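Source file: model_15.cif (mmCIF, C-alpha atoms, pLDDT in the B column; chains and numbers go by the auth columns)
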data_coords
#
loop_
_atom_site.group_PDB
_atom_site.id
_atom_site.type_symbol
_atom_site.label_atom_id
_atom_site.label_comp_id
_atom_site.label_asym_id
_atom_site.label_seq_id
_atom_site.Cartn_x
_atom_site.Cartn_y
_atom_site.Cartn_z
_atom_site.B_iso_or_equiv
_atom_site.auth_seq_id
_atom_site.auth_asym_id
ATOM 1 C CA MET A 1 -10.138 -35.595 179.359 57.00 1 A
ATOM 2 C CA ASN A 2 -7.984 -38.467 180.377 63.00 2 A
ATOM 3 C CA GLU A 3 -8.649 -40.189 177.065 66.00 3 A
ATOM 4 C CA GLU A 4 -7.803 -37.042 175.128 69.00 4 A
ATOM 5 C CA ASN A 5 -4.462 -36.741 176.936 69.00 5 A
ATOM 6 C CA GLU A 6 -3.695 -40.355 176.148 72.00 6 A
ATOM 7 C CA LYS A 7 -4.518 -39.796 172.451 72.00 7 A
ATOM 8 C CA GLU A 8 -2.277 -36.745 172.344 75.00 8 A
ATOM 9 C CA GLN A 9 0.571 -38.679 173.966 75.00 9 A
ATOM 10 C CA VAL A 10 0.151 -41.528 171.484 72.00 10 A
ATOM 11 C CA GLN A 11 0.199 -39.067 168.582 74.00 11 A
ATOM 12 C CA GLU A 12 3.330 -37.397 169.949 77.00 12 A
ATOM 13 C CA GLU A 13 5.022 -40.772 170.350 75.00 13 A
ATOM 14 C CA GLN A 14 4.110 -41.684 166.763 75.00 14 A
ATOM 15 C CA LYS A 15 5.606 -38.403 165.523 74.00 15 A
ATOM 16 C CA VAL A 16 8.811 -39.079 167.446 70.00 16 A
ATOM 17 C CA ILE A 17 8.992 -42.591 166.017 74.00 17 A
ATOM 18 C CA GLU A 18 8.392 -41.294 162.458 72.00 18 A
ATOM 19 C CA ASN A 19 11.122 -38.672 162.896 69.00 19 A
ATOM 20 C CA ASN A 20 13.546 -41.335 164.140 68.00 20 A
ATOM 21 C CA VAL A 21 12.703 -43.589 161.186 63.00 21 A
ATOM 22 C CA GLU A 22 13.291 -40.714 158.738 61.00 22 A
ATOM 23 C CA LYS A 23 16.639 -39.944 160.383 60.00 23 A
ATOM 24 C CA ASP A 24 17.639 -43.609 160.190 54.00 24 A
ATOM 25 C CA THR A 25 16.764 -43.851 156.488 54.00 25 A
ATOM 26 C CA THR A 26 18.695 -40.669 155.660 54.00 26 A
ATOM 27 C CA GLU A 27 21.703 -42.031 157.544 54.00 27 A
ATOM 28 C CA VAL A 28 21.532 -45.256 155.550 52.00 28 A
ATOM 29 C CA LYS A 29 21.266 -43.318 152.284 54.00 29 A
ATOM 30 C CA GLU A 30 24.233 -41.135 153.215 54.00 30 A
ATOM 31 C CA GLU A 31 26.304 -44.178 154.161 54.00 31 A
ATOM 32 C CA SER A 32 25.651 -45.895 150.820 53.00 32 A
ATOM 33 C CA LYS A 33 26.672 -42.885 148.711 55.00 33 A
ATOM 34 C CA PRO A 34 30.445 -43.019 149.350 56.00 34 A
ATOM 35 C CA ARG A 35 30.533 -46.694 148.436 59.00 35 A
ATOM 36 C CA LYS A 36 28.727 -46.017 145.165 68.00 36 A
ATOM 37 C CA LYS A 37 30.983 -43.048 144.503 83.00 37 A
ATOM 38 C CA GLY A 38 33.945 -45.375 144.981 87.00 38 A
ATOM 39 C CA LEU A 39 32.495 -47.683 142.334 89.00 39 A
ATOM 40 C CA CYS A 40 32.217 -44.738 139.934 90.00 40 A
ATOM 41 C CA ILE A 41 35.823 -43.718 140.538 91.00 41 A
ATOM 42 C CA ALA A 42 37.051 -47.308 140.216 93.00 42 A
ATOM 43 C CA SER A 43 35.094 -47.696 136.981 93.00 43 A
ATOM 44 C CA MET A 44 36.622 -44.582 135.472 93.00 44 A
ATOM 45 C CA ILE A 45 40.181 -45.488 136.518 95.00 45 A
ATOM 46 C CA LEU A 46 39.880 -49.070 135.254 95.00 46 A
ATOM 47 C CA GLY A 47 38.394 -47.811 131.990 94.00 47 A
ATOM 48 C CA ILE A 48 41.295 -45.417 131.476 94.00 48 A
ATOM 49 C CA VAL A 49 43.783 -48.210 132.245 95.00 49 A
ATOM 50 C CA ALA A 50 42.013 -50.484 129.741 94.00 50 A
ATOM 51 C CA LEU A 51 42.120 -47.749 127.122 91.00 51 A
ATOM 52 C CA VAL A 52 45.773 -46.821 127.652 93.00 52 A
ATOM 53 C CA LEU A 53 47.094 -50.380 127.914 92.00 53 A
ATOM 54 C CA PHE A 54 45.057 -51.876 125.053 89.00 54 A
ATOM 55 C CA CYS A 55 48.187 -53.534 123.611 90.00 55 A
ATOM 56 C CA ILE A 56 48.669 -55.598 126.758 90.00 56 A
ATOM 57 C CA TRP A 57 45.589 -57.777 126.399 87.00 57 A
ATOM 58 C CA TYR A 58 45.922 -59.662 129.686 90.00 58 A
ATOM 59 C CA ILE A 59 45.643 -56.357 131.569 92.00 59 A
ATOM 60 C CA SER A 60 43.282 -54.482 129.267 93.00 60 A
ATOM 61 C CA ILE A 61 40.523 -57.069 128.927 93.00 61 A
ATOM 62 C CA PRO A 62 39.974 -57.686 132.680 95.00 62 A
ATOM 63 C CA CYS A 63 40.196 -53.935 133.392 95.00 63 A
ATOM 64 C CA GLY A 64 37.656 -53.217 130.666 95.00 64 A
ATOM 65 C CA ILE A 65 35.248 -55.847 131.967 95.00 65 A
ATOM 66 C CA LEU A 66 35.568 -54.592 135.558 95.00 66 A
ATOM 67 C CA ALA A 67 35.125 -50.979 134.402 95.00 67 A
ATOM 68 C CA ILE A 68 31.865 -51.887 132.688 95.00 68 A
ATOM 69 C CA ILE A 69 30.594 -53.812 135.740 94.00 69 A
ATOM 70 C CA PHE A 70 31.546 -51.109 138.258 93.00 70 A
ATOM 71 C CA GLY A 71 30.144 -48.416 135.992 93.00 71 A
ATOM 72 C CA ALA A 72 26.830 -50.240 135.682 92.00 72 A
ATOM 73 C CA LEU A 73 26.632 -50.510 139.469 90.00 73 A
ATOM 74 C CA GLY A 74 27.629 -46.873 139.926 90.00 74 A
ATOM 75 C CA VAL A 75 25.163 -45.396 137.414 89.00 75 A
ATOM 76 C CA LYS A 76 22.431 -45.518 140.042 84.00 76 A
ATOM 77 C CA THR A 77 24.115 -42.781 142.090 80.00 77 A
ATOM 78 C CA MET A 78 24.001 -39.029 141.759 75.00 78 A
ATOM 79 C CA ASP A 79 27.487 -38.963 140.218 75.00 79 A
ATOM 80 C CA LYS A 80 26.650 -40.542 136.868 85.00 80 A
ATOM 81 C CA GLY A 81 29.375 -38.776 134.897 88.00 81 A
ATOM 82 C CA MET A 82 32.281 -40.835 136.184 89.00 82 A
ATOM 83 C CA ALA A 83 30.291 -44.064 135.913 90.00 83 A
ATOM 84 C CA VAL A 84 29.372 -43.373 132.288 92.00 84 A
ATOM 85 C CA ALA A 85 32.970 -42.362 131.532 93.00 85 A
ATOM 86 C CA GLY A 86 34.141 -45.653 133.041 93.00 86 A
ATOM 87 C CA ILE A 87 31.661 -47.650 130.972 94.00 87 A
ATOM 88 C CA VAL A 88 32.628 -45.871 127.750 95.00 88 A
ATOM 89 C CA THR A 89 36.407 -46.040 128.246 95.00 89 A
ATOM 90 C CA GLY A 90 36.199 -49.654 129.440 94.00 90 A
ATOM 91 C CA ALA A 91 34.127 -50.667 126.422 95.00 91 A
ATOM 92 C CA ILE A 92 36.433 -48.871 123.984 95.00 92 A
ATOM 93 C CA GLY A 93 39.542 -50.439 125.555 94.00 93 A
ATOM 94 C CA LEU A 94 37.903 -53.863 125.501 94.00 94 A
ATOM 95 C CA VAL A 95 36.859 -53.570 121.854 94.00 95 A
ATOM 96 C CA ILE A 96 40.298 -52.339 120.729 94.00 96 A
ATOM 97 C CA SER A 97 42.044 -55.176 122.605 94.00 97 A
ATOM 98 C CA ILE A 98 39.758 -57.801 121.100 94.00 98 A
ATOM 99 C CA CYS A 99 40.226 -56.320 117.593 94.00 99 A
ATOM 100 C CA ILE A 100 44.004 -56.410 117.981 93.00 100 A
ATOM 101 C CA ILE A 101 43.911 -60.038 119.155 93.00 101 A
ATOM 102 C CA MET A 102 41.700 -60.994 116.191 94.00 102 A
ATOM 103 C CA ALA A 103 43.954 -59.116 113.744 93.00 103 A
ATOM 104 C CA ILE A 104 47.058 -60.872 115.080 92.00 104 A
ATOM 105 C CA PHE A 105 45.309 -64.239 114.822 92.00 105 A
ATOM 106 C CA ILE A 106 44.107 -63.599 111.263 93.00 106 A
ATOM 107 C CA PHE A 107 47.515 -62.266 110.249 90.00 107 A
ATOM 108 C CA GLY A 108 49.199 -65.350 111.735 87.00 108 A
ATOM 109 C CA VAL A 109 46.843 -67.695 109.911 87.00 109 A
ATOM 110 C CA ALA A 110 47.439 -65.829 106.634 86.00 110 A
ATOM 111 C CA ILE A 111 51.220 -66.071 107.044 86.00 111 A
ATOM 112 C CA GLY A 112 50.922 -69.757 107.892 83.00 112 A
ATOM 113 C CA LEU A 113 48.858 -70.429 104.792 81.00 113 A
ATOM 114 C CA THR A 114 51.228 -68.558 102.486 82.00 114 A
ATOM 115 C CA ASP A 115 54.214 -70.408 103.951 79.00 115 A
ATOM 116 C CA ALA A 116 52.440 -73.714 103.446 76.00 116 A
ATOM 117 C CA ILE A 117 51.660 -72.868 99.820 77.00 117 A
ATOM 118 C CA GLU A 118 55.241 -71.757 99.132 77.00 118 A
ATOM 119 C CA ASN A 119 56.663 -74.903 100.730 73.00 119 A
ATOM 120 C CA SER A 120 54.389 -77.145 98.705 70.00 120 A
ATOM 121 C CA THR A 121 55.355 -75.481 95.409 68.00 121 A
ATOM 122 C CA ASN A 122 59.096 -75.471 96.195 66.00 122 A
ATOM 123 C CA ASN A 123 59.114 -79.109 97.189 61.00 123 A
ATOM 124 C CA ASN A 124 61.784 -81.155 95.372 56.00 124 A
ATOM 125 C CA TYR A 125 59.441 -84.054 94.771 58.00 125 A
ATOM 126 C CA TYR A 126 56.989 -81.752 93.074 54.00 126 A
ATOM 127 C CA ASN A 127 59.637 -80.217 90.822 55.00 127 A
ATOM 128 C CA SER A 128 61.354 -83.477 89.916 57.00 128 A
ATOM 129 C CA TYR A 129 58.082 -85.161 88.990 56.00 129 A
ATOM 130 C CA TYR A 130 57.145 -82.508 86.468 56.00 130 A
ATOM 131 C CA ASP A 131 60.654 -81.918 85.134 54.00 131 A
ATOM 132 C CA LEU A 132 60.613 -85.096 83.015 53.00 132 A
#

Written as structure tokens, that's how I'd like the structure from this file.
Amino acid sequence: MNEENEKEQVQEEQKVIENNVEKDTTEVKEESKPRKKGLCIASMILGIVALVLFCIWYISIPCGILAIIFGALGVKTMDKGMAVAGIVTGAIGLVISICIIMAIFIFGVAIGLTDAIENSTNNNYYNSYYDL
């Protein structure tokens, strides 16, 4: 009988320990959710900023990159909608900013080339050599 009582006490202690472990893990899970939710919100806000301010490249590109990073970290939570919205708006803002920078660069190179061609044809040495 004494052994049976000891076994029952050990089993009860194990149940108490298991319950405490389950409570501890649920507390840890609940504590990590607000931080992940904050990443989702930050991702969405930074994505919207990147999308709205696409003309200001030095603000839009870092905001777009951070929106994509925070969104990727926040996708693992229950609130996937804001994280996905942050990823999408950040990517769109980033792509538009990069396209505008490339267009300005290409346009500048094209203007530079046309000016160089016009200057070389309007050069006095060129005209006086062939005017003979």

For atom CA of A:Met102 and atom CA of A:Thr89, determine how far apart the two atoms are, in Å to one decimal place.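 Computing it gives 19.9 Å between the two atoms.
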
Taking every listed atom of stretch 77-92 of chain A and adding 5 Å to each side, what centre and edge lengths in Å (one decimal) does the axis-aligned box have, as lines of an AutoDock Vina configuration file?
center_x = 30.2
center_y = -44.7
center_z = 133.0
size_x = 22.4
size_y = 21.9
size_z = 28.1

Near A:Ile41, counting all atoms listed in the file, which residues have an atom at most 9 Å away, once you skip same-chain residues fewer than 6 positions from it, shown as a PyMOL selection string? chain A and resi 70-71+74+82-83+86

For the residues selected in the previous step, produce a file with C-alpha atoms as a JSON list (two decimals), keeping the file's coordinate frame.
[["chain", "number", "residue", "atom", "x", "y", "z"],
["A", 70, "PHE", "CA", 31.55, -51.11, 138.26],
["A", 71, "GLY", "CA", 30.14, -48.42, 135.99],
["A", 74, "GLY", "CA", 27.63, -46.87, 139.93],
["A", 82, "MET", "CA", 32.28, -40.84, 136.18],
["A", 83, "ALA", "CA", 30.29, -44.06, 135.91],
["A", 86, "GLY", "CA", 34.14, -45.65, 133.04]]

For a quick check of understanding, using only C-alpha atoms, which of A:Lys37, A:Ala42, A:Ser97, A:Val84 has the smallest distance to A:Ile59?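 With only C-alpha atoms as the atom set, the closest residue is A:Ser97.
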
What residues come out when you apply the PyMOL selection byres ((chain A and resi 63) around 8) to this file, written as JSON, numbers by chain? {"A": [46, 47, 49, 50, 59, 60, 61, 62, 64, 65, 66, 67, 90]}

Could you work out how far atom CA of A:Ile98 lies from atom CA of A:Ile117, giving the answer in Å with one decimal? 28.7 Å

May I ask which of the residues A:Ile45, A:Glu12, A:Phe54, A:Gly38 is the closest one to A:Cys99, counting all atoms listed in the file?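 Of A:Ile45, A:Glu12, A:Phe54, A:Gly38, the one nearest A:Cys99, counting all atoms listed in the file, is A:Phe54.
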
Find the residue from A:Ala103, A:Leu113, A:Leu53, A:Ala72 that sits nearest to A:Ala85; use only C-alpha atoms when measuring.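 The closest residue to A:Ala85 is A:Ala72.
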
For A:Ile101, the closest of A:Cys40, A:Val10, A:Leu73, A:Cys55 counting all atoms listed in the file is A:Cys55

Just how far from atom CA of A:Ile69 is atom CA of A:Ser43, in Å to one decimal? 7.7 Å
